[in-house]
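What follows is the content of entry_35.txt (compact mmCIF, C-alpha atoms).
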# COMPACT_ATOMS: atom_id res chain seq x y z
CA MET U 1 130.56 150.78 137.14
CA VAL U 2 133.94 152.22 136.34
CA HIS U 3 135.34 152.44 132.86
CA ILE U 4 138.91 151.27 132.41
CA PRO U 5 140.29 153.43 129.58
CA ILE U 6 142.28 151.52 127.01
CA THR U 7 142.91 152.54 123.42
CA PRO U 8 140.44 150.49 121.34
CA GLN U 9 141.74 148.38 118.49
CA GLY U 10 140.02 146.42 115.78
CA ASP U 11 138.68 142.95 116.57
CA THR U 12 138.37 141.42 113.13
CA GLU U 13 140.33 138.28 114.03
CA PRO U 14 140.85 136.35 117.27
CA ALA U 15 144.08 137.07 119.12
CA VAL U 16 146.83 134.47 118.92
CA VAL U 17 146.04 131.73 121.43
CA ARG U 18 148.88 131.49 123.95
CA ASP U 19 149.34 128.85 126.59
CA ILE U 20 150.33 129.55 130.18
CA GLN U 21 154.01 128.85 129.43
CA HIS U 22 154.09 131.96 127.23
CA TYR U 23 153.00 134.19 130.11
CA MET U 24 155.35 132.53 132.61
CA ARG U 25 158.54 132.95 130.55
CA PRO U 26 161.31 135.23 131.90
CA GLY U 27 160.93 138.97 131.37
CA LEU U 28 162.06 142.43 132.46
CA LEU U 29 159.70 142.78 135.45
CA GLN U 30 160.03 141.17 138.87
CA LEU U 31 156.65 140.97 140.65
CA PRO U 32 157.22 139.60 144.16
CA SER U 33 153.58 138.52 144.53
CA LEU U 34 150.29 138.66 142.66
CA PRO U 35 147.57 141.19 143.60
CA PRO U 36 143.95 140.30 144.50
CA LEU U 37 141.90 138.96 141.60
CA SER U 38 138.41 140.15 140.63
CA LEU U 39 136.03 138.92 137.93
CA TYR U 40 134.11 141.26 135.64
CA VAL U 41 131.14 139.87 133.69
CA HIS U 42 129.70 141.99 130.88
CA LEU U 43 126.03 141.62 129.91
CA PRO U 44 125.82 143.91 126.87
CA TRP U 45 122.14 144.55 126.15
CA CYS U 46 120.06 147.52 127.26
CA LEU U 47 116.52 148.75 126.64
CA LYS U 48 117.75 151.93 124.97
CA LYS U 49 121.18 153.38 124.24
CA CYS U 50 121.63 156.57 126.27
CA PRO U 51 122.93 159.56 124.27
CA TYR U 52 125.93 160.04 126.59
CA CYS U 53 126.97 156.37 126.82
CA ASP U 54 130.25 155.19 125.27
CA PHE U 55 130.25 151.78 126.96
CA ASN U 56 129.90 148.60 124.92
CA SER U 57 126.12 148.44 125.26
CA HIS U 58 123.68 147.37 122.57
CA GLU U 59 120.01 148.26 122.35
CA PHE U 60 118.08 144.99 122.31
CA ARG U 61 115.72 144.63 119.40
CA ALA U 62 113.33 141.70 119.48
CA SER U 63 113.27 139.66 116.28
CA ALA U 64 112.05 136.33 115.01
CA SER U 65 115.54 134.88 115.43
CA THR U 66 115.68 135.82 119.13
CA GLY U 67 112.08 134.87 119.86
CA GLY U 68 111.60 138.35 121.29
CA GLU U 69 113.86 137.62 124.29
CA VAL U 70 117.46 138.37 125.24
CA PRO U 71 119.41 135.16 124.40
CA GLU U 72 120.22 134.51 128.06
CA GLN U 73 121.11 130.84 127.89
CA ARG U 74 123.31 131.02 124.79
CA TYR U 75 125.09 134.06 126.17
CA ILE U 76 125.78 132.34 129.51
CA ASP U 77 126.99 129.28 127.59
CA ALA U 78 129.44 131.61 125.81
CA LEU U 79 130.51 133.22 129.09
CA MET U 80 131.31 129.82 130.57
CA ALA U 81 133.26 128.76 127.48
CA ASP U 82 135.18 132.05 127.75
CA LEU U 83 135.85 131.50 131.45
CA GLU U 84 136.98 127.90 130.99
CA ALA U 85 139.44 128.93 128.27
CA ALA U 86 140.87 131.59 130.63
CA LEU U 87 141.15 129.36 133.72
CA PRO U 88 144.80 128.36 133.15
CA LEU U 89 145.76 132.06 133.41
CA VAL U 90 144.32 132.35 136.95
CA TRP U 91 144.78 128.77 138.15
CA GLY U 92 144.96 128.46 141.94
CA ARG U 93 143.95 132.08 142.58
CA SER U 94 140.90 133.06 144.64
CA VAL U 95 138.37 135.62 143.42
CA HIS U 96 137.68 138.45 145.90
CA SER U 97 134.89 140.22 144.01
CA ILE U 98 132.58 139.83 141.02
CA PHE U 99 130.98 142.72 139.15
CA ILE U 100 128.14 142.03 136.70
CA GLY U 101 127.97 145.13 134.52
CA GLY U 102 126.56 146.25 131.20
CA GLY U 103 124.50 147.26 129.36
CA THR U 104 121.65 146.59 131.70
CA PRO U 105 122.30 143.31 133.57
CA SER U 106 118.88 143.50 135.24
CA LEU U 107 117.38 142.77 131.81
CA PHE U 108 118.45 139.18 132.53
CA SER U 109 115.96 137.16 134.57
CA PRO U 110 116.74 136.25 138.19
CA ALA U 111 116.84 132.60 137.06
CA ALA U 112 119.55 133.44 134.51
CA ILE U 113 121.58 135.37 137.11
CA ASP U 114 121.19 132.42 139.49
CA ARG U 115 122.58 130.10 136.80
CA LEU U 116 125.41 132.54 135.98
CA ILE U 117 126.60 132.82 139.59
CA GLY U 118 126.24 129.08 140.15
CA ASP U 119 128.25 128.31 137.03
CA ILE U 120 130.99 130.73 138.12
CA ARG U 121 131.15 129.15 141.58
CA ALA U 122 131.57 125.74 139.94
CA ARG U 123 134.68 126.95 138.07
CA LEU U 124 136.40 129.46 140.35
CA ARG U 125 137.34 129.51 144.03
CA LEU U 126 135.52 132.45 145.60
CA GLU U 127 136.59 133.99 148.89
CA PRO U 128 133.99 133.40 151.65
CA ASP U 129 133.22 137.14 151.78
CA CYS U 130 133.33 137.58 147.98
CA GLU U 131 131.48 140.77 147.01
CA ILE U 132 129.07 140.15 144.10
CA THR U 133 127.77 143.40 142.63
CA MET U 134 125.20 143.74 139.86
CA GLU U 135 124.13 146.87 138.00
CA ALA U 136 120.39 147.48 137.77
CA ASN U 137 118.27 149.97 135.86
CA PRO U 138 115.05 151.32 137.41
CA GLY U 139 113.49 150.90 133.95
CA THR U 140 113.67 147.11 134.43
CA PHE U 141 112.24 147.24 137.95
CA GLU U 142 109.44 144.90 139.00
CA THR U 143 108.24 144.19 142.53
CA ASP U 144 110.36 141.46 144.17
CA ARG U 145 112.80 141.35 141.21
CA PHE U 146 115.65 142.76 143.28
CA ARG U 147 114.91 140.30 146.11
CA ALA U 148 115.18 137.50 143.56
CA PHE U 149 118.61 138.78 142.49
CA ARG U 150 119.64 138.73 146.15
CA ALA U 151 118.41 135.14 146.46
CA ALA U 152 120.47 134.26 143.36
CA GLY U 153 123.64 135.30 145.19
CA VAL U 154 124.08 139.00 144.40
CA THR U 155 125.31 140.76 147.55
CA ARG U 156 125.38 144.36 146.34
CA LEU U 157 123.13 146.19 143.87
CA SER U 158 124.23 149.31 141.96
CA VAL U 159 121.13 151.22 140.85
CA GLY U 160 121.60 153.55 137.86
CA VAL U 161 119.31 156.36 138.97
CA GLN U 162 121.31 159.28 137.44
CA SER U 163 118.65 161.79 138.54
CA PHE U 164 115.31 162.01 140.34
CA ASN U 165 114.21 164.90 138.13
CA ASP U 166 111.89 163.88 135.28
CA GLN U 167 113.06 166.72 133.06
CA HIS U 168 116.71 165.75 133.45
CA LEU U 169 115.98 162.04 133.04
CA LYS U 170 114.30 162.83 129.74
CA ALA U 171 117.27 164.96 128.63
CA LEU U 172 119.58 162.02 129.45
CA GLY U 173 117.45 159.62 127.42
CA ARG U 174 116.74 157.40 130.42
CA VAL U 175 113.92 154.87 130.13
CA HIS U 176 112.71 155.41 133.73
CA ASP U 177 111.06 158.32 135.49
CA ARG U 178 111.27 159.72 139.02
CA ALA U 179 108.57 157.41 140.39
CA GLN U 180 110.30 154.30 139.03
CA ALA U 181 113.62 155.49 140.43
CA MET U 182 112.11 156.00 143.88
CA ALA U 183 110.46 152.56 143.84
CA ALA U 184 113.66 150.86 142.68
CA VAL U 185 115.79 152.48 145.39
CA GLU U 186 113.23 151.61 148.07
CA GLU U 187 113.35 147.95 147.06
CA ALA U 188 117.15 147.97 146.83
CA ALA U 189 117.32 149.36 150.38
CA ALA U 190 114.87 146.72 151.61
CA SER U 191 116.58 143.83 149.80
CA PHE U 192 120.31 144.47 150.28
CA ASP U 193 122.55 145.18 153.27
CA THR U 194 124.66 147.38 151.04
CA PHE U 195 123.80 149.07 147.75
CA ASN U 196 124.99 151.88 145.52
CA LEU U 197 123.23 154.75 143.78
CA ASP U 198 124.68 156.12 140.55
CA ILE U 199 124.00 159.86 140.24
CA MET U 200 125.13 162.30 137.54
CA TYR U 201 125.60 166.07 137.79
CA ALA U 202 126.29 169.00 135.46
CA LEU U 203 123.32 167.80 133.40
CA PRO U 204 121.78 169.76 130.50
CA GLY U 205 120.03 172.79 132.00
CA GLN U 206 120.70 171.69 135.60
CA THR U 207 120.95 174.39 138.29
CA LEU U 208 122.68 174.16 141.66
CA PRO U 209 119.32 174.03 143.55
CA GLU U 210 118.20 171.18 141.28
CA LEU U 211 121.40 169.28 141.99
CA GLU U 212 120.84 169.84 145.73
CA GLN U 213 117.29 168.49 145.40
CA ASP U 214 118.55 165.37 143.60
CA LEU U 215 121.09 164.73 146.33
CA GLN U 216 118.62 165.39 149.14
CA THR U 217 116.29 162.81 147.61
CA ALA U 218 119.12 160.30 147.26
CA LEU U 219 120.41 160.84 150.82
CA ALA U 220 116.91 160.44 152.25
CA PHE U 221 117.19 156.72 151.40
CA LYS U 222 120.33 156.52 153.60
CA PRO U 223 122.37 154.77 150.87
CA PRO U 224 125.58 153.10 152.09
CA HIS U 225 127.34 154.20 148.89
CA ILE U 226 126.86 156.81 146.15
CA SER U 227 128.83 157.06 142.92
CA ILE U 228 128.55 160.57 141.48
CA TYR U 229 129.79 161.33 137.97
CA HIS U 230 130.16 164.56 136.04
CA LEU U 231 128.34 164.24 132.71
CA THR U 232 131.05 164.18 130.07
CA ILE U 233 130.57 164.36 126.32
CA GLU U 234 132.36 161.29 124.98
CA PRO U 235 133.41 160.77 121.34
CA ASN U 236 131.18 158.58 119.16
CA THR U 237 128.04 159.25 121.18
CA TYR U 238 124.81 161.02 120.24
CA PHE U 239 125.76 163.92 122.54
CA ALA U 240 129.09 164.27 120.69
CA LYS U 241 127.19 164.85 117.44
CA PHE U 242 124.48 166.99 119.03
CA PRO U 243 126.02 168.56 122.16
CA PRO U 244 123.52 169.74 124.79
CA ALA U 245 123.98 172.98 126.73
CA VAL U 246 125.58 171.97 130.02
CA PRO U 247 126.65 174.05 133.06
CA GLU U 248 129.88 176.05 132.81
CA ASP U 249 132.98 174.66 134.55
CA ASP U 250 132.69 177.09 137.47
CA GLN U 251 129.12 176.00 138.12
CA ALA U 252 130.09 172.32 137.83
CA TYR U 253 132.88 172.85 140.41
CA ALA U 254 130.34 174.52 142.72
CA MET U 255 128.08 171.48 142.30
CA LEU U 256 130.93 169.13 143.20
CA ASP U 257 131.77 171.18 146.31
CA ARG U 258 128.12 170.98 147.36
CA ILE U 259 128.04 167.22 146.72
CA THR U 260 131.07 166.70 148.96
CA GLU U 261 129.57 168.96 151.63
CA MET U 262 126.14 167.27 151.64
CA THR U 263 127.48 163.72 151.60
CA GLY U 264 129.89 164.62 154.41
CA GLN U 265 127.00 165.93 156.51
CA ALA U 266 125.29 162.56 155.92
CA GLY U 267 128.32 160.70 157.30
CA MET U 268 129.72 159.64 153.93
CA ALA U 269 133.41 159.94 153.10
CA ARG U 270 134.78 160.67 149.63
CA TYR U 271 137.22 157.77 149.36
CA GLU U 272 137.64 157.94 145.58
CA ILE U 273 137.31 160.77 143.05
CA SER U 274 133.68 159.82 142.23
CA ALA U 275 132.70 157.60 145.19
CA TYR U 276 131.24 158.39 148.61
CA ALA U 277 130.55 155.75 151.24
CA GLN U 278 129.45 155.14 154.80
CA PRO U 279 132.16 153.45 156.90
CA GLY U 280 132.61 149.82 155.86
CA HIS U 281 130.64 150.16 152.61
CA GLN U 282 133.36 150.99 150.07
CA CYS U 283 133.12 148.96 146.87
CA PHE U 284 135.95 146.41 147.04
CA HIS U 285 135.73 145.62 143.33
CA ASN U 286 136.34 149.21 142.30
CA ILE U 287 139.03 149.67 144.94
CA ASN U 288 140.82 146.67 143.44
CA TYR U 289 140.81 148.45 140.06
CA TRP U 290 142.21 151.63 141.61
CA GLN U 291 144.89 149.73 143.53
CA PHE U 292 146.05 148.14 140.27
CA GLY U 293 144.74 144.75 141.24
CA ASP U 294 143.98 142.06 138.68
CA TYR U 295 140.67 141.42 136.98
CA LEU U 296 139.57 138.79 134.51
CA GLY U 297 136.89 140.19 132.20
CA ILE U 298 134.50 137.88 130.36
CA GLY U 299 131.69 138.90 128.03
CA ALA U 300 131.34 141.06 124.92
CA GLY U 301 134.02 143.77 124.90
CA ALA U 302 135.22 142.92 128.42
CA HIS U 303 138.75 143.97 129.42
CA SER U 304 141.19 141.97 131.55
CA LYS U 305 144.36 142.98 133.37
CA LEU U 306 146.37 140.01 134.63
CA SER U 307 149.74 139.87 136.38
CA PHE U 308 152.39 137.18 136.13
CA ALA U 309 155.84 136.89 137.71
CA HIS U 310 157.56 138.86 134.92
CA ARG U 311 154.82 140.77 133.05
CA VAL U 312 151.42 142.47 133.13
CA VAL U 313 149.00 141.55 130.34
CA ARG U 314 145.82 143.19 129.04
CA GLN U 315 143.16 141.40 127.01
CA VAL U 316 139.97 142.53 125.28
CA ARG U 317 137.09 140.28 124.16
CA PHE U 318 135.14 140.72 120.92
CA ARG U 319 132.76 143.67 121.21
CA ASP U 320 129.74 142.67 119.14
CA PRO U 321 127.52 140.32 121.21
CA THR U 322 126.72 137.92 118.34
CA ARG U 323 130.33 137.81 117.19
CA TYR U 324 131.43 137.34 120.81
CA MET U 325 129.07 134.39 121.35
CA ASP U 326 130.15 132.70 118.12
CA ASN U 327 133.86 133.12 118.90
CA ALA U 328 133.64 132.27 122.60
CA LEU U 329 131.72 129.07 121.91
CA ALA U 330 134.44 128.17 119.38
CA GLY U 331 137.12 128.80 122.03
CA HIS U 332 138.35 132.15 120.68
CA ALA U 333 136.77 134.93 122.78
CA VAL U 334 139.93 137.09 122.98
CA ALA U 335 140.33 139.73 120.26
CA GLN U 336 143.40 141.48 121.76
CA ASP U 337 146.17 140.16 123.98
CA ASP U 338 148.99 142.60 124.73
CA GLU U 339 151.78 142.83 127.24
CA VAL U 340 151.89 146.25 128.94
CA ARG U 341 155.13 147.99 128.03
CA ARG U 342 157.49 148.52 130.95
CA ALA U 343 157.62 152.26 130.12
CA ASP U 344 153.81 152.52 130.31
CA LEU U 345 153.36 150.88 133.71
CA PRO U 346 153.99 154.01 135.84
CA PHE U 347 151.23 155.95 134.03
CA GLU U 348 148.84 152.99 134.07
CA TYR U 349 149.40 152.60 137.81
CA MET U 350 148.93 156.33 138.51
CA LEU U 351 145.84 156.51 136.29
CA ASN U 352 144.25 154.25 138.89
CA ALA U 353 145.92 154.77 142.26
CA LEU U 354 145.73 158.58 142.30
CA ARG U 355 141.93 158.41 142.13
CA LEU U 356 141.93 157.23 145.74
CA ARG U 357 141.79 159.75 148.59
CA GLU U 358 144.37 157.68 150.48
CA GLY U 359 146.61 157.43 147.45
CA PHE U 360 149.00 154.50 147.47
CA ALA U 361 151.83 152.92 149.44
CA LEU U 362 155.22 153.09 147.73
CA GLN U 363 155.66 149.41 148.55
CA ASP U 364 152.46 148.64 146.63
CA PHE U 365 153.73 150.45 143.54
CA MET U 366 156.79 148.20 143.47
CA ALA U 367 154.76 145.05 144.18
CA ARG U 368 152.08 145.74 141.54
CA THR U 369 154.37 146.92 138.71
CA GLY U 370 157.61 145.08 139.43
CA LEU U 371 159.44 148.40 138.97
CA PRO U 372 161.80 150.29 141.31
CA LEU U 373 160.78 153.64 142.82
CA THR U 374 163.24 155.38 140.53
CA ALA U 375 160.68 154.80 137.74
CA ILE U 376 158.37 157.41 139.31
CA ALA U 377 160.86 159.64 141.13
CA LYS U 378 160.83 162.38 138.50
CA GLY U 379 157.01 162.47 138.33
CA LEU U 380 156.66 162.55 142.11
CA GLU U 381 159.09 165.45 142.39
CA ALA U 382 157.20 167.45 139.77
CA ALA U 383 153.82 166.65 141.39
CA GLU U 384 155.05 167.70 144.83
CA ARG U 385 156.53 170.91 143.44
CA LYS U 386 153.14 171.78 141.88
CA GLY U 387 151.30 171.04 145.14
CA LEU U 388 149.39 168.09 143.62
CA ILE U 389 150.56 165.42 146.09
CA GLU U 390 151.81 165.07 149.63
CA ARG U 391 154.11 162.21 150.59
CA ASP U 392 156.25 160.67 153.26
CA MET U 393 158.64 157.73 153.27
CA ALA U 394 155.79 155.22 152.94
CA ARG U 395 152.83 156.80 151.11
CA VAL U 396 151.75 159.24 148.39
CA ARG U 397 148.39 161.05 148.57
CA PRO U 398 146.76 163.51 146.17
CA THR U 399 146.13 166.92 147.75
CA GLU U 400 142.83 168.77 147.34
CA ARG U 401 144.44 170.56 144.41
CA GLY U 402 145.60 167.21 143.04
CA PHE U 403 142.03 165.90 143.20
CA ASP U 404 140.77 169.02 141.41
CA PHE U 405 143.39 168.67 138.67
CA LEU U 406 143.63 164.89 138.59
CA SER U 407 144.29 164.61 134.83
CA ASP U 408 147.21 167.04 135.10
CA LEU U 409 148.60 165.02 137.99
CA GLN U 410 148.32 161.69 136.18
CA GLU U 411 149.93 163.04 133.01
CA LEU U 412 153.15 163.74 134.92
CA PHE U 413 153.79 159.99 134.80
CA LEU U 414 153.37 159.50 131.04
CA ALA U 415 156.30 157.82 129.34
CA ASP U 416 158.68 160.23 127.61

As structure tokens:
Amino acid sequence: MVHIPITPQGDTEPAVVRDIQHYMRPGLLQLPSLPPLSLYVHLPWCLKKCPYCDFNSHEFRASASTGGEVPEQRYIDALMADLEAALPLVWGRSVHSIFIGGGTPSLFSPAAIDRLIGDIRARLRLEPDCEITMEANPGTFETDRFRAFRAAGVTRLSVGVQSFNDQHLKALGRVHDRAQAMAAVEEAAASFDTFNLDIMYALPGQTLPELEQDLQTALAFKPPHISIYHLTIEPNTYFAKFPPAVPEDDQAYAMLDRITEMTGQAGMARYEISAYAQPGHQCFHNINYWQFGDYLGIGAGAHSKLSFAHRVVRQVRFRDPTRYMDNALAGHAVAQDDEVRRADLPFEYMLNALRLREGFALQDFMARTGLPLTAIAKGLEAAERKGLIERDMARVRPTERGFDFLSDLQELFLAD
């Protein structure tokens, strides 16, 4: 799953409840049409909080009050209350993709996932080919469990392997080992027409040959899609307090070059900065993020980005699962509701679109932001001068150098 970076704020009180008329009032932007809409569903619990994880995930601790089980039914009740309250904001729009992320969504039973998807279908119009992705952890793997998720309506599984090396899995604090990872990927391959493997590199103590071995193991399963992430030390994580020794930048770059080489030899194309896919197996949900499409996020800490004729709005739900359930069931799931400033839209757009190998169409920039091309002319000129992009009259693409220095490229579009 991708992380949409937004500056976190406090969530002590519910955001002001606004009706649809507030969002539809005149404004400075002119969006000629609305982009595709996706739905993100956050299931926040996990077996164990990983030391590198800065997502809104919460280690589940069994207690007398929970009966020793994740509160599946109450949480889904809260999700549906959240969704129903948000329906006026997306009325009449079809959903092109659903992503069930976490946490560890595969902690939920197949019966609960079946209910969740059924309840969503009852409230939203899904496109006939709607992609429904769910994240799964090999530590929650049981025989036939993935098949049951498929039967519940999941069309694409994303398996959080991270590594096939027991030593590295232990260093990452993962709850599964190599054998469990292998078994989980085998069942994912047998159960789904398309699936994704999450792999990490530049791990504590990892060498280039060890990275190659990890990738060889992954590619042997012939995965349609691999997401490969550089281990980063995020603030407010265990690794931030106790940093492990990780490979130097030069070695990490060598690992990335080898990743691109090996996936290319296996027929996979790098279509996004961290994503490699066989033809026809790109993740539509993530592409919609990168193309500055819309997404409604429900669940604890979930983020939304929604477009209207004259504005773009971001929302954030309450982060704490118990607090989220209480507020959502009372009709107040939203903790933050902010209109994106006109001056910030170019950077927000570029933060996403420049992650794609194909970049973006100039026409799409205008359609998704409601801004004229003059809003990015200065940034494009500077990026081209530095050799970070190539462009023609219709399209802008990051160069190889632009991909290598993506943060520098994106920063050229920050508001003055």

Mind checking which residues fall within 10 Å of Asp129 (chain U), counting only C-alpha atoms, ignoring those fewer than 2 positions away in the same chain, and posting them as a CSV table (one decimal) with C-alpha atoms, keeping the file's coordinate frame?
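So result.csv came out as:
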chain,number,residue,atom,x,y,z
U,95,VAL,CA,138.4,135.6,143.4
U,96,HIS,CA,137.7,138.4,145.9
U,97,SER,CA,134.9,140.2,144.0
U,126,LEU,CA,135.5,132.4,145.6
U,127,GLU,CA,136.6,134.0,148.9
U,131,GLU,CA,131.5,140.8,147.0
U,132,ILE,CA,129.1,140.2,144.1
U,155,THR,CA,125.3,140.8,147.6

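In terms of minimum interatomic distance to Thr237 (chain U), U:Cys50 ranks closest within U:Ala15, U:Arg355, U:Arg319, U:Cys50, counting all atoms listed in the file.
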
Within 6 Å of Asn196 (chain U), counting only C-alpha atoms, which residues show up once you throw out same-chain ones fewer than 6 positions away? Write them as a short mmCIF file (atom, residue, chain, number, x, y, z; two decimals) with C-alpha atoms, keeping the file's coordinate frame, please.
data_model
loop_
_atom_site.label_atom_id
_atom_site.label_comp_id
_atom_site.auth_asym_id
_atom_site.auth_seq_id
_atom_site.Cartn_x
_atom_site.Cartn_y
_atom_site.Cartn_z
CA SER U 158 124.23 149.31 141.96
CA HIS U 225 127.34 154.20 148.89
CA ILE U 226 126.86 156.81 146.15
#

Mind giving me the straight-line distance from CA of Ser274 (chain U) to CA of Arg397 (chain U) in Å, one decimal?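 So the two atoms, CA of Ser274 (chain U) and CA of Arg397 (chain U), lie 16.1 Å apart.
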
Within 12 Å of Arg18 (chain U), counting all atoms listed in the file, which residues qualify if same-chain residues fewer than 2 places away don't, as a list in words? Pro14, Ala15, Val16, Ile20, Gln21, His22, Tyr23, Met24, Arg25, Ala85, Ala86, Pro88, Leu89, Val313, Gln315, His332, Val334, Gln336, Asp337 and Asp338 of chain U

From CA of Ala254 (chain U) to CA of Arg178 (chain U) the spacing works out at 24.4 Å
